[in-house]
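Q: Please see the structure below; I have some questions.
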Amino acid sequence: MTVPTHSLSIDIGGTFTDFTLHDVETGDLSVHKVLTDPEDPASALIRGVREILADTGTAPESLRLVVHSTTLATNAIIERKGAKTALLTTRGFRDVLELGREQIYDMHDLHARYPDPIVPRHLRAEVPERVDRDGRVLQELDLETSAQVLDELVEQGVEAVAVSLLHSYNNPVNEQALKEQIEKRHPDLSLSLSSEVAPVINEYERTSTTTADGYIKPSVTSYIRGVERDLAAEGYDGRLLVMHSAGGVMDADASCERPIRMLESGPAAGALAAGFYSDLLGEPDLISLDMGGTTAKTCVIEDGRPSQTNTIEVARVHRFKIGSGLPIVIPVLDLIEIGSGGGSIAWLDGLGLLRVGPQSSGASPGPACYGLGGTEPTVTDANLVLGYLNPDYFLGGRMNLDTGAARTAMSRLGSEMSMNEVEAAWGVYSVVTESMAAAARIHIIGRNKDPRRYAIVAFGGAGPAHACEVARILGATRVVVPLGAGVTSALGCLAAPLSFESVRSAPGLLERTDWDEVNRTFEEMESWGREMLANSGVSADDVQMTRTGDMRLVGQIHEINVPVPGETLSGDDIERIESDFHSIYQQLYARRNLSLPIEVQNWRLLVSGPQPDLSLREQKVTGGGSANRDAVKGSRQAYFPSASGYVDCPVYDRYRLQAGAEFPGPAIIEEAEATTIVRPGESVSVDRWLNLVITLED
Amino acid sequence: MVQERFDPVSLEIMWSRMLNVAEEMWSTILRTAVSTIIASANDFGCEVLDAEGRSIAHAYRSMPVFNMTMPNVTKEILKKYPVESMHPGDVYMTNDPWMCAGHLPDIAIVSPVIHQGRFVGFVGNIANTSDIGGSLDAKAVTDSYEEGIFFPLCKLYDKGEPNELAFDMFKWNVRGPEMVLTDIEAQVAANQVGARRIVDFLDEYMLEDLTELSEAIRGRSETAMRRAIAELPDGEYTNEVYTDGMGDPLLIKVRIEIKGDEIAVDFDGSAPQIDRGGLNCTMIYSQGHTYYPLACLLTPDVPVNEGCFEPISVTAPEGSIINCTFPVSVGSRTNTGWYIHGCIFGALAKAIPEQIQSGNGLMSSIRTYGSEADGRVFNAHLFCGGGRGATSRSDGMGLNMFPSSASNVPVEVFEVSSPALIVGKELMPDSAGGGKYRGAPGQRVTVGKLPSYDNPLNVYFHPNRLSFAPQGIFGGKAGTKTNVIVNGEMISDDPASMTSGYVSLRDTDDRLILEFPSGAGAGDPAERDSEMLERDVRNGLVTGED
């Protein structure tokens, strides 16, 4: 029998599906990329699995683990390709989903639109019942009416039902009664209950999350089950784990049960990869810069971990504007995604100012230089004009770029600004790097940190070409580009522990907490978590439990996550929790506020398994200069304003660079899936894991 | 336009930086404020201003009117306090309705930005405090004195030292002073954050001050506005609308003169100021509500700053509801000022038909105040949106707080914050003003009190559109009026009889129903796309019963 020695990760993005295969014994890493098939993502996935196994001579039986991240869940919502879903609400609140927060997200656009609710009004129905703010049942569920309502919806062909009743976060009894009735009466219906999906206060956000969960549940379930079957048919008999939005993995069953937790699993994998490099490099604070074809993601790594938040907005309908999408309340890594990628189109706004994105040329027609019919000037065209990309070595030479077409596009853009093509290209490059830096800065500063203290780890197809400029704007002095930067996100899947966070809402003043009730709540969550991990093969000794509480000063809407002791709780713990709260508060907002009492909003429990065994093979460090002479494969003209224009710039073959190599900028370093740009005045060294470490002038 | 030092690329970058500073200030307030009206409903705004007190950037979810009244405050600060006397740690404050935002609850908090020992500009914000003292019944007041405490422009902090008198005045004159003072601390913190960012920015770009950047930003914006105005046909455009008043309708009359690349807006002929109910607008407030709709129509893509308004003049006779004099009451000035937009849109419908929006059902606020069974004070606001009007290219956006940037307060949050029971909050079928494009429907909010709450629950409100429904454009139908129904009895049929601004819910079965207005339609209803009509029928928004 073969001893399983390899872990495989698969990350499906909009354009490419990326694979990394990690040999746990040697630390060797192999990577692979195939085109995503948007119509049938599973078929491209399986083809890629076969290819990478064949290329590396790995038997399917030697796979010990397969971890998957995918944009499938997010895309189903963006493209509105989910199931026919109904929503049941408390009588009088049928329109919660349509009323939303009643806020204008663009104060000057009189033609702006809100996103259509996921469940149209004719599939939203009310049931007679009511729970009050304290969780008291004012009216029991009227089962006769609800039976009738359900039957009517089923007659309309509904496949999934979401249930979201007022104050159910505080007392789910009426939602549970509905669940029982639905399971008995219509056992084939897919069901999502707000008190299970997102048991938190705020009826719109909770309902939005629950309906989105219901909407994607049937398709996610059939997709995940299909991938499991296909992998088994290839000869893999282990588990399929799925990356979730909070940067852990869950087993396939949990992902089918709670598919909304799969949102943004691709970006989460990228952030987790950054966390992995933070450990590897001994660099506890990092900024990740993950730039692909249509978007760029940045995430702050603090103390080796990406930070986490509790809400994201998906499927924005209006130029990525905050407020124009659907709020989803789930534990999610706190990252910022903006519409700037290699394919983003440059344009002039009504003021004659240069803008880039969020419109993207996508994979088709693509940037002008792809020669696939695109004529719009894009970031990739700018990079080609500036000499940053090699027209003959795009995707390792699998695709040729048309420099002439890129020049034409840039020259047309430039003529509108009285600039030549090169100035225009530099303008595009500057605007796109500035918007990434601005997003990162808001994000970092929102955490009261100084961006100048951070190193940047750059990956994604376009990240390494922009990272040094972003670093300069942020005042950061170090940039790290991992080997295989083009598929680093997929590697992040292998760095994720099994984990799942449960949340229970229990609003009230901290000083009046019913600790017996809280102890019961944690015990319930803990036994559920233990069971989930046991089912995934984690032994009881390896299970970690982390308790926290979301707390705030009375009246605030933004909570702070405060550690909660792990043992049986009582009133004696209040002092310790209060003191933790105040010190975290001061860290965040530079001042203590002792005048108002603290209120608890939610209790949270994170259960997690052991950190996976992911270590990269270390290379022997050889002497400096000699290690890189062979790696220079040529030179070309590249544009650097600090050098007053085009200069002759050596081009390095990334695969021939050895550990310990050191050389100065300007330099271009090419690998198949990404190109790294180093400017004059910067210097590069190659560390023992073959990462490029670029030092900027202070 | 002045010769610019910045090319389009650096200007875009630096401008974004200024907008980011305002955004950061905004999120600081959001995260640390505690009242439902500020922390949940977002009734505040943040601004960056240059050394002349001129606005250059604002947070995008800021109240539009605050962004325009803030520069007025900073210019008054410059008149009263010499630049040489300004130090880090200074904080100025006022809620003067004639200087600031038109009513006392709007408190402006402004800090100078000192760079290398030199004053270079201001950061400031205005937020609608949860209480400013005075009468709870906004309809009953007869002058400004009854509306609460008035802070003339003063220093809240001097080199970081608090002005004890000002803090004590809050402590003894407002309801729930802890809530009010915590919100003010949030405002001060936002300025600290903003000032620090601007200093960093200047250092990074090796700029001495904001002067040239301000000129470039304002210059670009002014050019864009002038270009947009120049495209309009010259001429005089007039309109008039009526507001509810205190039962007797009040007239707002506008005359807009477009000449070349300038616009003059005059409100001559509008009703004289009135002696009760807080319906009077101060001039600065009216100017804000005149600039805002013009910016929507003419330069929707330009982040607003003072440059946008150079080509626009606004005048109104002193002593009118548009330009009232101290000490008339102003607390509910939105019940007048929010009709200015419709009045201007209507006037310009001929000049710029493709941009115009038909009549909006306006938002209203419900407030509860009192003591919980255990003695704790509650003071909560529930903002409820009106239906937006349609435009000549699309249905009304939905329900929201236009012309304010506020959001609603979740029903669950409102209930947790007070012993009210919201029995329903739902769209009203057949309410939307019909048209080729229809308005957004109105909403019905049904309020009761918790069975477990033994005291009467007072619900304060001062709704808009009791007498006049929003009007359609280009043949579109009108939207609906506000209806107020107490225990089955419609009390809003005769607005003149609604002399008090609150209802007491005494029994568990007592119900206050507020039917908030829908938006009006645009274009002939007969031209409505059949699929869109079918969808409305399927969704029960159009029933065909009438």
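So you can find residues: chains in the structure tokens are A, B, ... in the order shown, residues in each start at 1, and ligands are numbered from 1 in order.
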Would you tabulate, counting only C-alpha atoms, all residues of chain B that have an atom at most 6 Å from an atom of chain A, showing the closest pair of atoms and their distance in Å to one decimal, sorted by chain then ascending number, as CSV?

A:
```
residue,atom,partner,partner_atom,distance
B:Pro8,CA,A:Leu353,CA,5.4
B:Val9,CA,A:Gly427,CA,5.8
B:Arg31,CA,A:His558,CA,5.1
B:Ala33,CA,A:Gln556,CA,5.8
B:Val34,CA,A:Gly555,CA,4.1
B:Ser35,CA,A:Gly555,CA,5.5
B:Cys296,CA,A:His108,CA,4.4
B:Pro300,CA,A:His108,CA,4.8
B:Met397,CA,A:Arg113,CA,5.3
B:Leu399,CA,A:Glu102,CA,5.7
B:Asn400,CA,A:Glu102,CA,4.2
B:Ser405,CA,A:Ile104,CA,5.9
B:Ala406,CA,A:Gln103,CA,5.9
B:Ser407,CA,A:Gln103,CA,4.3
B:Asn408,CA,A:Arg101,CA,5.3
B:Pro410,CA,A:Asn202,CA,5.6
B:Glu412,CA,A:Asn202,CA,5.9
B:Val416,CA,A:Arg133,CA,5.6
B:Gly424,CA,A:Gly92,CA,3.9
B:Lys425,CA,A:Phe93,CA,5.8
B:Glu426,CA,A:Asp95,CA,5.4
B:Asn539,CA,A:His122,CA,4.5
```

Q: Using N, CA and C atoms, can you write the selected residues to a file as a PDB file, in the first residue's frame?

A:
```
ATOM      1  N   PRO B   8      -2.614  65.569 -14.464  1.00  0.00           N
ATOM      2  CA  PRO B   8      -3.847  64.838 -14.118  1.00  0.00           C
ATOM      3  C   PRO B   8      -3.588  63.618 -13.231  1.00  0.00           C
ATOM      4  N   VAL B   9      -2.426  63.025 -13.375  1.00  0.00           N
ATOM      5  CA  VAL B   9      -2.162  61.813 -12.594  1.00  0.00           C
ATOM      6  C   VAL B   9      -1.920  62.165 -11.126  1.00  0.00           C
ATOM      7  N   ARG B  31     -17.602  54.273  14.298  1.00  0.00           N
ATOM      8  CA  ARG B  31     -17.184  53.206  15.202  1.00  0.00           C
ATOM      9  C   ARG B  31     -17.292  53.580  16.669  1.00  0.00           C
ATOM     10  N   ALA B  33     -19.252  56.427  18.033  1.00  0.00           N
ATOM     11  CA  ALA B  33     -20.461  57.112  18.501  1.00  0.00           C
ATOM     12  C   ALA B  33     -21.444  56.093  19.076  1.00  0.00           C
ATOM     13  N   VAL B  34     -22.414  56.567  19.858  1.00  0.00           N
ATOM     14  CA  VAL B  34     -23.281  55.622  20.561  1.00  0.00           C
ATOM     15  C   VAL B  34     -24.782  55.806  20.341  1.00  0.00           C
ATOM     16  N   SER B  35     -25.221  56.941  19.813  1.00  0.00           N
ATOM     17  CA  SER B  35     -26.663  57.141  19.677  1.00  0.00           C
ATOM     18  C   SER B  35     -27.181  56.415  18.436  1.00  0.00           C
ATOM     19  N   CYS B 296     -26.375  67.293  -8.249  1.00  0.00           N
ATOM     20  CA  CYS B 296     -26.909  66.018  -8.759  1.00  0.00           C
ATOM     21  C   CYS B 296     -27.203  66.132 -10.246  1.00  0.00           C
ATOM     22  N   PRO B 300     -22.759  65.070 -11.427  1.00  0.00           N
ATOM     23  CA  PRO B 300     -22.899  63.936 -10.502  1.00  0.00           C
ATOM     24  C   PRO B 300     -21.591  63.176 -10.254  1.00  0.00           C
ATOM     25  N   MET B 397     -35.493  54.764  -7.314  1.00  0.00           N
ATOM     26  CA  MET B 397     -34.419  53.899  -6.834  1.00  0.00           C
ATOM     27  C   MET B 397     -34.870  52.898  -5.782  1.00  0.00           C
ATOM     28  N   LEU B 399     -36.680  52.875  -1.557  1.00  0.00           N
ATOM     29  CA  LEU B 399     -36.990  53.783  -0.458  1.00  0.00           C
ATOM     30  C   LEU B 399     -35.707  54.200   0.211  1.00  0.00           C
ATOM     31  N   ASN B 400     -35.544  55.510   0.398  1.00  0.00           N
ATOM     32  CA  ASN B 400     -34.391  55.957   1.149  1.00  0.00           C
ATOM     33  C   ASN B 400     -34.592  57.369   1.662  1.00  0.00           C
ATOM     34  N   SER B 405     -28.216  61.627   3.555  1.00  0.00           N
ATOM     35  CA  SER B 405     -27.434  60.422   3.306  1.00  0.00           C
ATOM     36  C   SER B 405     -27.617  59.396   4.419  1.00  0.00           C
ATOM     37  N   ALA B 406     -28.609  59.618   5.284  1.00  0.00           N
ATOM     38  CA  ALA B 406     -28.801  58.741   6.441  1.00  0.00           C
ATOM     39  C   ALA B 406     -29.234  57.347   6.009  1.00  0.00           C
ATOM     40  N   SER B 407     -29.188  56.416   6.953  1.00  0.00           N
ATOM     41  CA  SER B 407     -29.739  55.085   6.716  1.00  0.00           C
ATOM     42  C   SER B 407     -30.869  54.880   7.717  1.00  0.00           C
ATOM     43  N   ASN B 408     -31.613  53.795   7.553  1.00  0.00           N
ATOM     44  CA  ASN B 408     -32.635  53.537   8.551  1.00  0.00           C
ATOM     45  C   ASN B 408     -31.976  52.969   9.807  1.00  0.00           C
ATOM     46  N   PRO B 410     -32.261  49.573  12.092  1.00  0.00           N
ATOM     47  CA  PRO B 410     -32.930  48.268  12.055  1.00  0.00           C
ATOM     48  C   PRO B 410     -34.040  48.194  13.120  1.00  0.00           C
ATOM     49  N   GLU B 412     -34.947  45.741  14.845  1.00  0.00           N
ATOM     50  CA  GLU B 412     -34.472  45.027  16.039  1.00  0.00           C
ATOM     51  C   GLU B 412     -33.638  45.940  16.933  1.00  0.00           C
ATOM     52  N   VAL B 416     -34.651  47.121  20.694  1.00  0.00           N
ATOM     53  CA  VAL B 416     -33.737  46.902  21.819  1.00  0.00           C
ATOM     54  C   VAL B 416     -33.455  48.228  22.526  1.00  0.00           C
ATOM     55  N   GLY B 424     -45.232  46.193  12.107  1.00  0.00           N
ATOM     56  CA  GLY B 424     -45.049  45.959  10.677  1.00  0.00           C
ATOM     57  C   GLY B 424     -44.267  47.099  10.070  1.00  0.00           C
ATOM     58  N   LYS B 425     -43.498  46.761   9.020  1.00  0.00           N
ATOM     59  CA  LYS B 425     -42.758  47.789   8.267  1.00  0.00           C
ATOM     60  C   LYS B 425     -42.698  47.219   6.872  1.00  0.00           C
ATOM     61  N   GLU B 426     -43.579  47.684   6.004  1.00  0.00           N
ATOM     62  CA  GLU B 426     -43.783  46.982   4.738  1.00  0.00           C
ATOM     63  C   GLU B 426     -44.116  47.940   3.604  1.00  0.00           C
ATOM     64  N   ASN B 539     -45.478  40.712  -8.333  1.00  0.00           N
ATOM     65  CA  ASN B 539     -44.948  40.990  -6.996  1.00  0.00           C
ATOM     66  C   ASN B 539     -45.950  41.682  -6.078  1.00  0.00           C
TER      67      ASN B 539
END
```

Q: From the DSSP assignment of the backbone, select every residue of region 229-272 of chain A that is strand (DSSP E or B), and format the answer as a list of chain:residue names.

A: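 Secondary structure check on region 229-272 of chain A, strand (DSSP E or B): A:Leu240, A:Leu241, A:Val242, A:Met243, A:Val249, A:Met250, A:Asp251.
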
Q: Restricting it to C-alpha atoms, dump the selection as a CSV table (one decimal), in the first residue's frame.

A:
```
chain,number,residue,atom,x,y,z
A,240,LEU,CA,-12.3,16.8,0.2
A,241,LEU,CA,-11.8,19.9,2.3
A,242,VAL,CA,-13.2,23.2,1.3
A,243,MET,CA,-11.7,26.6,2.2
A,249,VAL,CA,-11.1,24.6,5.9
A,250,MET,CA,-14.2,22.7,6.6
A,251,ASP,CA,-15.2,19.3,5.4
```

Q: Would you kindly return, as a list in words, each protein, DNA or RNA residue with an atom no farther than 7 Å from any atom of region 195-206 of chain B, considering only C-alpha atoms and excluding same-chain residues fewer than 5 positions away?

A: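 Contacts, with the query itself left out: Val21, Val113, His115 and Val123 of chain B.
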
Q: I need the residues from that last selection saved to file as a short mmCIF file (atom, residue, chain, number, x, y, z; two decimals), in the first residue's frame (with C-alpha atoms), if you can.

A:
```cif
data_model
loop_
_atom_site.label_atom_id
_atom_site.label_comp_id
_atom_site.auth_asym_id
_atom_site.auth_seq_id
_atom_site.Cartn_x
_atom_site.Cartn_y
_atom_site.Cartn_z
CA VAL B 21 -8.79 61.48 5.00
CA VAL B 113 -4.38 71.48 11.10
CA HIS B 115 1.99 71.61 9.87
CA VAL B 123 -10.71 69.24 9.47
#
```

Q: Calculated over only C-alpha atoms, which of the candidates A:Glu196, A:Asp303, A:Asp28, A:Glu228 has the smallest distance to Ala42 (chain A)?

A: A:Glu228

Q: Using only C-alpha atoms, find the one residue out of B:Gly386, B:Gly434, B:Pro525, B:Pro353 that sits nearest to Leu232 (chain B).

A: B:Pro353

Q: Tell me which protein, DNA and RNA residues are within 9 Å of Tyr285 (chain B), counting only C-alpha atoms, leaving out same-chain ones fewer than 3 positions away, and put them as a PyMOL selection string.

A: chain B and resi 65-66+68-69+97-103+281-282+288-290+322-323+333+337

Q: Got a sec to tell me which of region 307-520 of chain B DSSP assigns to helix (DSSP H, G or I), as number ranges by chain?

A: B: 307-309, 334-337, 340-347, 411-417, 495-497

Q: Have a look at A:Ala382, A:Leu510, A:Val329, A:Ala455 and name the one nearest to Thr210 (chain A); count only C-alpha atoms.

A: A:Val329

Q: Could you give me, as a compact mmCIF listing (two decimals) with C-alpha atoms, in the first residue's frame, the residues within 8 Å of region 341-343 of chain A, counting only C-alpha atoms and dropping anything in the same chain fewer than 4 positions from it?

A:
```txt
# COMPACT_ATOMS: atom_id res chain seq x y z
CA MET A 291 -3.48 41.19 -7.96
CA GLY A 292 -5.12 39.13 -10.66
CA GLY A 293 -6.93 39.86 -13.91
CA THR A 294 -9.92 41.83 -12.68
CA THR A 295 -9.39 42.67 -9.03
CA ALA A 296 -6.70 43.25 -6.48
CA GLY A 357 -11.14 50.18 -13.70
CA SER A 360 -12.27 45.03 -17.03
CA SER A 361 -11.61 43.64 -20.45
CA GLY A 362 -11.66 40.17 -18.88
CA ALA A 363 -10.13 37.20 -20.66
CA GLY A 366 -8.84 41.00 -23.20
CA PRO A 367 -6.26 43.80 -23.24
CA THR A 378 -5.56 48.29 -19.99
CA VAL A 379 -3.05 47.90 -17.19
CA THR A 380 -1.40 45.00 -19.00
CA ALA A 462 -0.04 40.99 -11.75
```

Q: Just the residues within 7 Å of Ala440 (chain A), please, counting only C-alpha atoms, with nothing from its chain fewer than 4 positions along; format it as a PyMOL selection string.

A: chain A and resi 298+436+444

Q: Could those selected residues go to a file with N, CA and C atoms, as an mmCIF file, in the first residue's frame?

A:
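File written: selection24.cif
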```cif
data_model
loop_
_atom_site.group_PDB
_atom_site.id
_atom_site.type_symbol
_atom_site.label_atom_id
_atom_site.label_comp_id
_atom_site.auth_asym_id
_atom_site.auth_seq_id
_atom_site.Cartn_x
_atom_site.Cartn_y
_atom_site.Cartn_z
ATOM 1 N N THR A 298 -6.058 43.249 -0.940
ATOM 2 C CA THR A 298 -5.006 43.409 0.053
ATOM 3 C C THR A 298 -5.557 43.032 1.408
ATOM 4 N N MET A 436 -4.467 50.928 -5.300
ATOM 5 C CA MET A 436 -4.188 49.790 -4.417
ATOM 6 C C MET A 436 -3.620 50.271 -3.086
ATOM 7 N N ILE A 444 -5.297 49.529 6.557
ATOM 8 C CA ILE A 444 -4.285 49.453 7.608
ATOM 9 C C ILE A 444 -4.566 50.496 8.682
#
```
